[in-house]
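Reproduced below: protein.pdb, with PDB, C-alpha atoms.
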ATOM      1  CA  CYS A   1       0.000   0.000   0.000
ATOM      2  CA  GLY A   2       2.894   2.432   0.399
ATOM      3  CA  ASN A   3       4.777   1.770  -2.823
ATOM      4  CA  TYR A   4       3.992   5.054  -4.536
ATOM      5  CA  ALA A   5       7.475   6.566  -4.311
ATOM      6  CA  ASP A   6       9.267   3.748  -6.108
ATOM      7  CA  HIS A   7       6.618   3.768  -8.849
ATOM      8  CA  ILE A   8       7.563   7.395  -9.561
ATOM      9  CA  VAL A   9      11.298   7.433  -8.858
ATOM     10  CA  THR A  10      12.304   4.230 -10.686
ATOM     11  CA  PRO A  11      10.738   5.102 -14.066
ATOM     12  CA  SER A  12      11.892   8.720 -13.753
ATOM     13  CA  LEU A  13      15.510   7.687 -13.212
ATOM     14  CA  CYS A  14      15.382   5.095 -15.976
ATOM     15  CA  PHE A  15      13.891   7.606 -18.413
ATOM     16  CA  PHE A  16      16.456  10.188 -17.296
ATOM     17  CA  MET A  17      19.157   7.816 -18.583
ATOM     18  CA  LEU A  18      17.786   8.420 -22.083
ATOM     19  CA  PHE A  19      19.351  11.890 -22.081
ATOM     20  CA  PHE A  20      22.814  10.343 -22.213
ATOM     21  CA  LEU A  21      24.451   8.399 -24.985
ATOM     22  CA  SER A  22      25.318   5.176 -23.236
ATOM     23  CA  PRO A  23      25.403   1.492 -24.150
ATOM     24  CA  PHE A  24      23.800   0.808 -20.755
ATOM     25  CA  SER A  25      20.527   2.650 -21.423
ATOM     26  CA  CYS A  26      19.028  -0.405 -23.071
ATOM     27  CA  ARG A  27      20.071  -2.569 -20.126
ATOM     28  CA  VAL A  28      18.577  -0.117 -17.645
ATOM     29  CA  LEU A  29      15.259  -0.086 -19.491
ATOM     30  CA  LYS A  30      15.327  -3.875 -19.724
ATOM     31  CA  GLY A  31      15.889  -3.961 -15.979
ATOM     32  CA  MET A  32      12.917  -1.620 -15.513
ATOM     33  CA  MET A  33      10.822  -3.981 -17.632
ATOM     34  CA  TYR A  34      11.804  -6.899 -15.369
ATOM     35  CA  TRP A  35      11.053  -4.732 -12.328
ATOM     36  CA  ALA A  36       7.601  -3.902 -13.728
ATOM     37  CA  LEU A  37       6.867  -7.573 -14.417
ATOM     38  CA  PHE A  38       7.981  -8.547 -10.914
ATOM     39  CA  MET A  39       5.902  -5.799  -9.344
ATOM     40  CA  TYR A  40       2.859  -6.866 -11.361
ATOM     41  CA  VAL A  41       3.176 -10.473 -10.234
ATOM     42  CA  TYR A  42       3.949  -9.474  -6.661
ATOM     43  CA  PHE A  43       1.031  -7.091  -6.327
ATOM     44  CA  ARG A  44      -1.378  -9.273  -8.267
ATOM     45  CA  TRP A  45      -0.882 -12.481  -6.327
ATOM     46  CA  MET A  46       1.226 -11.913  -3.238
ATOM     47  CA  HIS A  47       0.678  -8.442  -1.827
ATOM     48  CA  LEU A  48      -3.067  -8.662  -1.228
ATOM     49  CA  ARG A  49      -2.829 -12.132   0.245
ATOM     50  CA  TYR A  50       0.066 -11.748   2.663
ATOM     51  CA  HIS A  51       0.050  -8.132   3.808
ATOM     52  CA  LYS A  52      -2.079  -6.803   6.618
ATOM     53  CA  THR A  53      -4.500  -3.918   6.481
ATOM     54  CA  CYS A  54      -2.934  -0.614   5.502
ATOM     55  CA  TYR A  55      -4.142   2.320   7.584
ATOM     56  CA  TYR A  56      -2.108   5.090   5.986
ATOM     57  CA  THR A  57      -3.651   5.119   2.525
ATOM     58  CA  SER A  58      -6.548   7.116   1.217
ATOM     59  CA  HIS A  59      -8.331   8.190  -1.917
ATOM     60  CA  ARG A  60      -6.447  11.493  -1.778
ATOM     61  CA  LEU A  61      -3.078   9.709  -1.700
ATOM     62  CA  GLU A  62      -4.003   7.613  -4.726
ATOM     63  CA  MET A  63      -5.189  10.638  -6.678
ATOM     64  CA  GLY A  64      -2.053  12.570  -5.723
ATOM     65  CA  PHE A  65      -0.023   9.692  -7.121
ATOM     66  CA  GLN A  66      -1.996   9.840 -10.361
ATOM     67  CA  TYR A  67      -1.098  13.516 -10.752
ATOM     68  CA  VAL A  68       2.588  12.974  -9.890
ATOM     69  CA  TRP A  69       2.774  10.177 -12.496
ATOM     70  CA  GLY A  70       3.128  13.052 -14.967
ATOM     71  CA  ILE A  71       6.766  13.425 -13.864
ATOM     72  CA  PRO A  72       8.074  10.190 -15.476
ATOM     73  CA  LEU A  73       5.952  10.868 -18.564
ATOM     74  CA  SER A  74       7.360  14.386 -18.810
ATOM     75  CA  VAL A  75      10.942  13.165 -18.373
ATOM     76  CA  LEU A  76      10.342  10.814 -21.304
ATOM     77  CA  ALA A  77       8.897  13.673 -23.394
ATOM     78  CA  ALA A  78      11.882  15.881 -22.537
ATOM     79  CA  ALA A  79      14.286  13.089 -23.549
ATOM     80  CA  CYS A  80      12.473  12.795 -26.886
ATOM     81  CA  CYS A  81      12.843  16.551 -27.387
ATOM     82  CA  CYS A  82      16.540  16.338 -26.504
ATOM     83  CA  TRP A  83      17.170  13.630 -29.082
ATOM     84  CA  ALA A  84      15.081  15.459 -31.702
ATOM     85  CA  LEU A  85      17.350  18.464 -31.152
ATOM     86  CA  ARG A  86      20.474  16.315 -31.463
ATOM     87  CA  ALA A  87      19.158  14.731 -34.679
ATOM     88  CA  ASN A  88      18.305  18.183 -36.073
ATOM     89  CA  LEU A  89      14.657  17.240 -36.485
ATOM     90  CA  ILE A  90      13.623  20.468 -34.767
ATOM     91  CA  CYS A  91      15.541  23.773 -34.628
ATOM     92  CA  GLN A  92      17.777  22.903 -37.565
ATOM     93  CA  ASN A  93      19.606  26.220 -37.368
ATOM     94  CA  PRO A  94      23.131  25.504 -36.024
ATOM     95  CA  ASP A  95      23.424  29.045 -34.629
ATOM     96  CA  ILE A  96      20.849  28.462 -31.897
ATOM     97  CA  PRO A  97      22.533  28.899 -28.506
ATOM     98  CA  PRO A  98      22.563  25.924 -26.128
ATOM     99  CA  LEU A  99      20.539  27.874 -23.563
ATOM    100  CA  VAL A 100      17.619  28.063 -26.008
ATOM    101  CA  LYS A 101      17.809  24.303 -26.553
ATOM    102  CA  ILE A 102      17.775  23.697 -22.796
ATOM    103  CA  ALA A 103      14.803  26.044 -22.488
ATOM    104  CA  LEU A 104      13.016  24.092 -25.227
ATOM    105  CA  ILE A 105      13.629  20.824 -23.366
ATOM    106  CA  CYS A 106      12.322  22.366 -20.133
ATOM    107  CA  LEU A 107       9.318  23.743 -22.017
ATOM    108  CA  THR A 108       8.610  20.265 -23.389
ATOM    109  CA  PHE A 109       8.755  18.853 -19.864
ATOM    110  CA  SER A 110       6.367  21.543 -18.586
ATOM    111  CA  VAL A 111       3.898  21.226 -21.470
ATOM    112  CA  SER A 112       3.846  17.438 -21.133
ATOM    113  CA  ALA A 113       3.143  17.682 -17.410
ATOM    114  CA  LEU A 114       0.458  20.291 -18.038
ATOM    115  CA  ILE A 115      -1.226  18.101 -20.664
ATOM    116  CA  TRP A 116      -1.159  15.131 -18.279
ATOM    117  CA  VAL A 117      -2.655  17.103 -15.384
ATOM    118  CA  THR A 118      -5.279  18.730 -17.608
ATOM    119  CA  VAL A 119      -6.439  15.481 -19.182
ATOM    120  CA  LEU A 120      -6.436  13.719 -15.833
ATOM    121  CA  HIS A 121      -8.336  16.492 -14.081
ATOM    122  CA  PHE A 122     -10.964  17.246 -16.729
ATOM    123  CA  ALA A 123     -11.357  14.009 -18.706
ATOM    124  CA  ILE A 124     -10.812  11.338 -16.045
ATOM    125  CA  ARG A 125     -12.108  13.402 -13.092
ATOM    126  CA  PRO A 126     -10.343  11.436 -10.350
ATOM    127  CA  TRP A 127     -11.781  13.494  -7.500
ATOM    128  CA  THR A 128     -15.385  12.516  -8.188
ATOM    129  CA  ARG A 129     -16.381   9.535  -6.108
ATOM    130  CA  LYS A 130     -19.134   7.265  -7.315
ATOM    131  CA  GLU A 131     -21.130   5.222  -4.888
ATOM    132  CA  VAL A 132     -21.048   1.569  -5.839
ATOM    133  CA  ALA A 133     -23.731  -0.848  -4.760
ATOM    134  CA  ASP A 134     -22.198  -3.853  -3.042
ATOM    135  CA  ASP A 135     -24.083  -7.047  -3.859
ATOM    136  CA  ASN A 136     -22.203  -8.993  -1.186
ATOM    137  CA  GLN A 137     -22.950  -6.643   1.686
ATOM    138  CA  SER A 138     -25.421  -9.050   3.285
ATOM    139  CA  LEU A 139     -22.904 -11.910   3.455
ATOM    140  CA  THR A 140     -21.528 -12.923   6.814
ATOM    141  CA  TYR A 141     -17.837 -13.042   7.675
ATOM    142  CA  GLN A 142     -17.783 -16.844   7.398
ATOM    143  CA  GLU A 143     -19.449 -16.829   3.964
ATOM    144  CA  VAL A 144     -16.942 -14.328   2.584
ATOM    145  CA  GLN A 145     -14.024 -16.227   4.103
ATOM    146  CA  GLY A 146     -15.301 -19.448   2.502
ATOM    147  CA  GLU A 147     -15.310 -17.814  -0.952
ATOM    148  CA  SER A 148     -11.948 -16.043  -0.610
ATOM    149  CA  ILE A 149      -8.375 -17.082  -0.017
ATOM    150  CA  TYR A 150      -7.850 -14.012   2.191
ATOM    151  CA  SER A 151      -9.715 -12.550   5.112
ATOM    152  CA  TRP A 152     -10.960  -9.107   6.136
ATOM    153  CA  LEU A 153      -7.733  -8.509   8.050
ATOM    154  CA  ASN A 154      -5.178  -8.729   5.254
TER
END

structure tokens encoding of this file:
Amino acid sequence: CGNYADHIVTPSLCFFMLFFLSPFSCRVLKGMMYWALFMYVYFRWMHLRYHKTCYYTSHRLEMGFQYVWGIPLSVLAAACCCWALRANLICQNPDIPPLVKIALICLTFSVSALIWVTVLHFAIRPWTRKEVADDNQSLTYQEVQGESIYSWLN
């Protein structure tokens, strides 16, 4: 339940490696792919069955995480802009000062984050809570435990 930080920091650092010309970038991204597969398996089958109730999570924390997820996406967009500048796909004039190129990369990061936050806030609307009717609300503790491999306490 408290794994939000590593789901932001790990992809951000891996995507940050894309700014540098290195033979290890592919290995880092392959390692992130293995990390993502492990985390999927762990959280899908192990985490909910073997961890106890988490009392320090909330809807607000989850929605805050959804907004902050724009950071790794924006780092990736900025890396794409950086490589487009290096390949002369944009700003093909060789007389452009490096400070302008850095400003363009920062602008790409900011615009990407703004697009993410705008789409999330207005299209997805994460802050609206819908009441869901629970069909199993009348079941007893023993009936639910008989149908599940976990209990109310994990």

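For the pair CA of Ala87 (chain A) and CA of Ser74 (chain A), the interatomic distance is 19.8 Å.
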
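For the structure shown here, the set of residues caught by the PyMOL selection byres ((chain A and resi 68) around 10) is Tyr4, Ala5, Ile8, Glu62, Met63, Gly64, Phe65, Gln66, Tyr67, Trp69, Gly70, Ile71, Pro72, Leu73, Ala113, Trp116 and Val117 of chain A.
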
Padding of 4 Å on every side, edges along x, y and z, all listed atoms of region 85-95 of chain A included: what centre and edge lengths in Å, to one decimal, does that box have, as AutoDock Vina command-line options?
--center_x 18.5 --center_y 21.9 --center_z -34.4 --size_x 17.8 --size_y 22.3 --size_z 14.4

- Task: Could you expand the PyMOL selection byres ((chain A and resi 14) around 9) into the explicit residues it covers here, written as a list in words?
- Result: Val9, Thr10, Pro11, Ser12, Leu13, Phe15, Phe16, Met17, Leu18, Ser25, Val28, Leu29, Met32 and Pro72 of chain A

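For the set A:Ala79, A:Phe38, A:Asn88, A:Glu131, the residue with the smallest atom-to-atom gap to Cys106 (chain A) is A:Ala79, counting all atoms listed in the file.
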
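Between CA of Ser112 (chain A) and CA of Ile124 (chain A) the separation is 16.7 Å.
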
- Query: How many Å lie between CA of Leu85 (chain A) and CA of Val100 (chain A), rounded to one decimal?
  - Reply: 10.9 Å

- Ground truth for the PyMOL selection byres ((chain A and resi 78) around 7), written as number ranges by chain: A: 74-77, 79-82, 105-106, 108-109
